[in-house]
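Asks: First the structure, which I've put down as structure tokens, then a few questions once you've had a look.
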Amino acid sequence: MHWTRREFLSRTAGVAASVALESPTKNALAYGTNKLTLQSRFLTHVSVVRVNQIEVTPTRSIGEDESADNSTDYIRSRREAFARGCPDGKMTWAISWLALNDNRQQYKDARRLLASYHDKYGDEITFIPGGYFAPMFDTREHNRVTIHKALQLISEMVGNGYRPECLVAGFMDAGNQRFLAAEEGIHVCQGQIWSQHGIDNGDGDGGICYPYYPSREHYLKPAQGPADFIDCVCLDGWTCDFLAARRNGFEGGFNSRMGVGPIETVGNLGESVGRKEMMDTTAMHFDQGHALNGFGWVTAIWEVSIGHDKDLTWWLQSVKDRWPDTQVLTEGAFGMKWRKHTPNNALLNYRFDAKGTGAPGSEKELEIRWFMNQEFRLALLNNWTTNSPVMVIDFTRYDLPAHEPQGLQREWSLMNVLNQKGTRPQDKPIRLGQLTSDDQRRIYARYPELKKLA
């Protein structure tokens, strides 16, 4: 997912409304009856400027040198492609530690260029620590110091008292999201990569793919109440095809990260099939998802080094043509808009109903339904063409205690009852009626209509 242009070219794939506009009350806890929502479609695009492919700490990198693919020409090409696709849109730029501190003229020019994009377009300029994997490769304390220093450098770089509204992090532990809110005054963090497992340098399945406030216990767990509440909106980094995302890594020769990202779609599938998959994945959120949730959100992070600028233009134009109400705004602006309308997690009730697109790994005959709320997430899968039994492929409870790793390791998932990736012996699809009576009771309390599927 984070490969160079050279690398990916040679690589193959081997509550119905959820966001309330008023403070929750006892009567509002009807899990989806409140229809006051954001009522729109949102698209956020993040571009990354870096020196090395994966800068896991300020002094250590584990990828290729990408400086040649992060020139001002490449940066300018990306911004022009974005403007052609959405002339009035605003985007977020995430700059790495090495790119912030490199004294070569190329990077001095790049930093000036990015600052000018804030002045000219209102783009957001922020920091990306750890090459997406900061918690996996450095301590919380070291990452905290790095983030603090980097944010100061960005403020100086842009000038005029500038401060980004978000941090783009890939993965970010709960403690440092709390630090962002309490100490840095930043209340939005792209802090999880939804459903990622078995790809790249970090695993993090188990969370909610739409905005939520994380618990102090675990970054993937939505806060259960005031005692563990972190006032930092946690956002996903990549919108993926729900059918492909249920897989582990490249299981079966398919790419579990396939969705709106260019490497997994156009890069692997070719322009025609790849672009269709980008739009089909977008439609999962902007058509049925919008109908179920009252709003839709699609996002992706595209490194400058991977190119695909023509695909970005095409995608943005196609989205605006098909869904003219789509707001294309910065990561921070979207998170703050959600935060303004949503004071806590009490009314979270995200629902998705998607059929396979027919692209590799997204079987056209399968239908997946997701239910995500403060207490749990639940995924149901069946073959809609044969009316096969509905199977539970994921049931993750958020009311149970959770703990993040204390040492440095790649596994940062939140898994308990049943996980969609199927990596543990207990992760076998079952019928709803095979769950414990206690788990069935909590599911039917929120979604009584599911009783008939047991």
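Order determines the names: the first chain of the structure tokens is A, the second B, and so forth; residues in each chain are numbered 1 upward, and ligands are numbered 1 upward as they are shown.
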Going by DSSP on the backbone, which bits of segment 12-154 of chain A are alpha helix (DSSP H)? Write them as a ChimeraX atom specification, please.

Replies: /A:72-85,97-101,105-121,134-137,140-154

Asks: Write to file, as a short mmCIF file (atom, residue, chain, number, x, y, z; two decimals), in the first residue's frame, the residues of the selection just made, with C-alpha atoms.

Replies:
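Below you can see again-v2.cif, which holds the result:
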data_model
loop_
_atom_site.label_atom_id
_atom_site.label_comp_id
_atom_site.auth_asym_id
_atom_site.auth_seq_id
_atom_site.Cartn_x
_atom_site.Cartn_y
_atom_site.Cartn_z
CA THR A 72 8.51 20.17 -6.45
CA ASP A 73 7.50 19.06 -9.95
CA TYR A 74 5.81 15.98 -8.50
CA ILE A 75 4.16 18.00 -5.74
CA ARG A 76 2.95 20.60 -8.22
CA SER A 77 1.63 17.89 -10.51
CA ARG A 78 -0.37 16.39 -7.64
CA ARG A 79 -1.94 19.74 -6.69
CA GLU A 80 -2.80 20.55 -10.30
CA ALA A 81 -4.38 17.11 -10.73
CA PHE A 82 -6.46 17.68 -7.61
CA ALA A 83 -7.56 21.12 -8.87
CA ARG A 84 -8.57 19.73 -12.26
CA GLY A 85 -10.71 17.15 -10.53
CA TRP A 97 10.15 14.24 9.64
CA LEU A 98 13.00 13.95 7.14
CA ALA A 99 11.18 16.12 4.59
CA LEU A 100 10.65 18.73 7.30
CA ASN A 101 14.34 18.79 8.18
CA GLN A 105 17.40 22.85 -1.91
CA GLN A 106 14.79 20.43 -3.23
CA TYR A 107 13.14 20.13 0.17
CA LYS A 108 13.51 23.80 1.03
CA ASP A 109 11.61 24.52 -2.18
CA ALA A 110 9.07 21.81 -1.39
CA ARG A 111 8.33 23.30 2.02
CA ARG A 112 7.86 26.77 0.53
CA LEU A 113 5.56 25.32 -2.12
CA LEU A 114 3.40 23.57 0.45
CA ALA A 115 3.14 26.74 2.52
CA SER A 116 1.98 28.59 -0.58
CA TYR A 117 -0.79 26.03 -1.09
CA HIS A 118 -2.17 26.87 2.32
CA ASP A 119 -2.10 30.57 1.47
CA LYS A 120 -3.58 30.14 -2.01
CA TYR A 121 -6.07 27.29 -1.61
CA ALA A 134 4.95 5.17 14.75
CA PRO A 135 3.56 3.02 17.61
CA MET A 136 5.02 -0.12 16.07
CA PHE A 137 8.59 1.18 15.92
CA ARG A 140 4.98 6.59 23.04
CA GLU A 141 7.30 9.08 24.78
CA HIS A 142 9.63 9.44 21.80
CA ASN A 143 6.71 9.81 19.39
CA ARG A 144 5.21 12.49 21.62
CA VAL A 145 8.42 14.53 21.52
CA THR A 146 8.74 14.09 17.75
CA ILE A 147 5.15 15.17 17.14
CA HIS A 148 5.56 18.25 19.33
CA LYS A 149 8.74 19.34 17.53
CA ALA A 150 7.30 18.63 14.09
CA LEU A 151 4.15 20.66 14.73
CA GLN A 152 6.34 23.59 15.78
CA LEU A 153 8.34 23.28 12.56
CA ILE A 154 5.16 23.25 10.49
#

Asks: Per DSSP on the backbone, what are the strand (DSSP E or B) residues of segment 153-350 of chain A, as a ChimeraX atom specification?

Replies: /A:166-168,188-192,196,203-204,212,214-215,222,229,233-236,240,259,296-303,327-328,349-350

Asks: Find, counting only C-alpha atoms, the residue in A:Asn382, A:Gln224, A:Thr330, A:Gln196 that gets nearest to Pro429 of chain A.

Replies: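 Between A:Asn382, A:Gln224, A:Thr330, A:Gln196, the residue approaching Pro429 of chain A most closely is A:Asn382.
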
Asks: Give the answer as one residue: which of A:Phe250, A:Lys90, A:Arg41, A:Thr126 has the shortest atom-to-atom distance to Arg322 of chain A, using only C-alpha atoms?

Replies: A:Arg41

Asks: Have a look at atom CA of Trp297 of chain A and atom CA of Ala227 of chain A and let me know their distance in Å, one decimal.

Replies: 28.8 Å

Asks: Kindly indicate which residue among A:Ala94, A:Met172, A:Ala333, A:Leu38 lies nearest to Arg50 of chain A, using only C-alpha atoms for the distances.

Replies: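 Of all the options, A:Ala94 lies closest to Arg50 of chain A.
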
Asks: With only C-alpha atoms as the counted atoms, please give the residues lying no more than 10 Å from His197 of chain A, apart from itself and same-chain residues fewer than 3 positions off, as a short mmCIF file (atom, residue, chain, number, x, y, z; two decimals) with N, CA and C atoms, in the first residue's frame.

Replies:
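Ended up saving to selection-v2.cif:
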data_model
loop_
_atom_site.label_atom_id
_atom_site.label_comp_id
_atom_site.auth_asym_id
_atom_site.auth_seq_id
_atom_site.Cartn_x
_atom_site.Cartn_y
_atom_site.Cartn_z
N ILE A 193 -5.92 2.62 10.49
CA ILE A 193 -6.11 2.16 9.11
C ILE A 193 -7.08 0.99 9.20
N TRP A 194 -8.32 1.24 8.88
CA TRP A 194 -9.38 0.28 9.16
C TRP A 194 -9.16 -1.04 8.44
N ASP A 200 1.91 -4.53 4.81
CA ASP A 200 2.80 -3.47 5.25
C ASP A 200 3.44 -3.80 6.60
N ASN A 201 3.61 -2.83 7.45
CA ASN A 201 4.41 -3.00 8.66
C ASN A 201 3.62 -2.88 9.96
N GLY A 202 2.28 -2.95 9.87
CA GLY A 202 1.49 -2.87 11.08
C GLY A 202 0.11 -3.46 10.88
N ASP A 203 -0.41 -4.09 11.93
CA ASP A 203 -1.74 -4.69 11.90
C ASP A 203 -2.66 -3.94 12.85
N GLY A 204 -3.88 -3.64 12.40
CA GLY A 204 -4.80 -2.89 13.24
C GLY A 204 -6.25 -3.10 12.87
N ASP A 205 -6.76 -4.33 12.98
CA ASP A 205 -8.17 -4.57 12.70
C ASP A 205 -8.96 -4.58 14.00
N GLY A 206 -10.22 -4.18 13.93
CA GLY A 206 -11.09 -4.24 15.09
C GLY A 206 -11.86 -2.98 15.40
N ALA A 245 -12.00 -6.22 2.20
CA ALA A 245 -11.41 -5.89 3.50
C ALA A 245 -11.59 -6.99 4.53
N ARG A 246 -12.47 -7.93 4.28
CA ARG A 246 -12.66 -9.01 5.26
C ARG A 246 -11.52 -10.01 5.22
N ARG A 247 -10.69 -9.93 4.18
CA ARG A 247 -9.59 -10.88 4.01
C ARG A 247 -8.38 -10.47 4.84
N ASN A 248 -7.49 -11.41 5.04
CA ASN A 248 -6.24 -11.15 5.75
C ASN A 248 -5.11 -11.00 4.74
N GLY A 249 -4.54 -9.80 4.66
CA GLY A 249 -3.42 -9.56 3.76
C GLY A 249 -3.75 -9.86 2.32
N PHE A 250 -2.95 -10.74 1.70
CA PHE A 250 -3.16 -11.15 0.31
C PHE A 250 -3.77 -12.55 0.24
N SER A 256 -6.48 -7.30 0.21
CA SER A 256 -7.50 -6.90 1.18
C SER A 256 -7.65 -5.40 1.30
N ARG A 257 -6.74 -4.63 0.74
CA ARG A 257 -6.81 -3.16 0.83
C ARG A 257 -7.44 -2.53 -0.41
N ARG A 410 4.19 -5.31 15.77
CA ARG A 410 3.35 -4.91 14.65
C ARG A 410 1.86 -5.13 14.92
N GLU A 411 1.51 -6.01 15.85
CA GLU A 411 0.11 -6.36 16.10
C GLU A 411 -0.54 -5.38 17.07
N TRP A 412 -1.45 -4.54 16.55
CA TRP A 412 -2.16 -3.56 17.36
C TRP A 412 -3.67 -3.69 17.16
N SER A 413 -4.12 -4.88 16.82
CA SER A 413 -5.54 -5.11 16.58
C SER A 413 -6.32 -5.20 17.89
N LYS A 421 -11.02 -11.41 10.00
CA LYS A 421 -9.82 -11.84 9.29
C LYS A 421 -9.59 -13.35 9.37
N THR A 423 -7.94 -15.14 11.59
CA THR A 423 -6.56 -15.49 11.91
C THR A 423 -6.42 -16.35 13.17
#

Asks: Just checking: using only C-alpha atoms, which residue out of A:Phe376, A:Phe42, A:Trp314, A:Trp370 ends up closest to Phe242 of chain A?

Replies: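 Under the stated criterion, the closest residue is A:Trp370.
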
Asks: When you count only C-alpha atoms, which of these residues is closest to Leu312 of chain A: A:His45, A:Leu453, A:Leu408, A:Gln327?

Replies: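 For Leu312 of chain A, the nearest of the given residues is A:His45.
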
Asks: Set the distance at 9 Å and use only C-alpha atoms: which residues neighbour Leu243 of chain A once local chain neighbours fewer than 6 positions away are removed? I'd like the list as a PDB file with N, CA and C atoms, in the first residue's frame.

Replies:
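Okay, this is what ended up in part_27.pdb:
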ATOM      1  N   SER A 256      -6.484  -7.300   0.205  1.00  0.00           N
ATOM      2  CA  SER A 256      -7.501  -6.903   1.178  1.00  0.00           C
ATOM      3  C   SER A 256      -7.648  -5.395   1.304  1.00  0.00           C
ATOM      4  N   ALA A 354     -23.414  -3.760   1.576  1.00  0.00           N
ATOM      5  CA  ALA A 354     -22.705  -3.733   0.307  1.00  0.00           C
ATOM      6  C   ALA A 354     -22.680  -5.107  -0.341  1.00  0.00           C
ATOM      7  N   LYS A 355     -22.891  -5.108  -1.640  1.00  0.00           N
ATOM      8  CA  LYS A 355     -22.723  -6.323  -2.433  1.00  0.00           C
ATOM      9  C   LYS A 355     -21.379  -6.262  -3.158  1.00  0.00           C
ATOM     10  N   GLY A 356     -20.824  -7.421  -3.450  1.00  0.00           N
ATOM     11  CA  GLY A 356     -19.546  -7.473  -4.122  1.00  0.00           C
ATOM     12  C   GLY A 356     -19.575  -6.757  -5.460  1.00  0.00           C
ATOM     13  N   THR A 357     -18.448  -6.187  -5.832  1.00  0.00           N
ATOM     14  CA  THR A 357     -18.366  -5.407  -7.070  1.00  0.00           C
ATOM     15  C   THR A 357     -18.004  -6.250  -8.276  1.00  0.00           C
ATOM     16  N   GLY A 361     -11.564 -10.543  -5.466  1.00  0.00           N
ATOM     17  CA  GLY A 361     -11.671 -10.465  -4.016  1.00  0.00           C
ATOM     18  C   GLY A 361     -12.955  -9.852  -3.521  1.00  0.00           C
ATOM     19  N   SER A 362     -13.784  -9.354  -4.416  1.00  0.00           N
ATOM     20  CA  SER A 362     -15.073  -8.775  -4.045  1.00  0.00           C
ATOM     21  C   SER A 362     -16.157  -9.522  -4.811  1.00  0.00           C
ATOM     22  N   GLU A 363     -16.495 -10.714  -4.311  1.00  0.00           N
ATOM     23  CA  GLU A 363     -17.382 -11.622  -5.023  1.00  0.00           C
ATOM     24  C   GLU A 363     -18.761 -11.002  -5.244  1.00  0.00           C
ATOM     25  N   LEU A 366     -21.853 -12.099  -3.176  1.00  0.00           N
ATOM     26  CA  LEU A 366     -21.865 -11.966  -1.724  1.00  0.00           C
ATOM     27  C   LEU A 366     -22.359 -10.588  -1.283  1.00  0.00           C
ATOM     28  N   GLU A 367     -23.010 -10.560  -0.138  1.00  0.00           N
ATOM     29  CA  GLU A 367     -23.484  -9.318   0.470  1.00  0.00           C
ATOM     30  C   GLU A 367     -22.990  -9.267   1.910  1.00  0.00           C
ATOM     31  N   ILE A 368     -22.434  -8.133   2.286  1.00  0.00           N
ATOM     32  CA  ILE A 368     -21.962  -7.950   3.648  1.00  0.00           C
ATOM     33  C   ILE A 368     -22.710  -6.787   4.282  1.00  0.00           C
TER      34      ILE A 368
END

Asks: Pick out the residues sitting within 9 Å of Val233 of chain A, and hand them over as a list in words; count only C-alpha atoms, and ignore anything fewer than 6 positions along from it in its own chain.

Replies: Gln177, His187, Val188, Cys189, Gln190, Gly191, Pro211, Tyr212, Tyr213, Pro214, Gly335, Met336, Trp338 and Arg339 of chain A

Asks: For segment 51-58 of chain A, work out the shell of residues within 8 Å, counting only C-alpha atoms and skipping chain neighbours fewer than 4 positions away, then give it as a ChimeraX atom specification.

Replies: /A:2-4,62-67,70,96-99,129-134,137-138,146

Asks: Take atom CA of Arg377 of chain A and atom CA of Gly175 of chain A and report the distance between them in Å, one decimal.

Replies: 22.8 Å

Asks: Report the distance between atom CA of Cys209 of chain A and atom CA of Glu271 of chain A in Å, rounded to one decimal place.

Replies: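 A separation of 26.6 Å between them.
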
Asks: Write out as JSON, numbers by chain each polymer residue whose atoms come within 12 Å of Gln426 of chain A, counting only C-alpha atoms; drop sequence neighbours fewer than 6 positions from it.

Replies: {"A": [393, 394, 395, 415, 416, 417, 418, 419, 420, 435]}

Asks: Go through A:Thr44, A:Asn293, A:Thr326, A:Ser305 and flag the residue nearest Asn349 of chain A, using only C-alpha atoms for the distances.

Replies: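 Going through A:Thr44, A:Asn293, A:Thr326, A:Ser305 one by one, the smallest distance to Asn349 of chain A is for A:Asn293.
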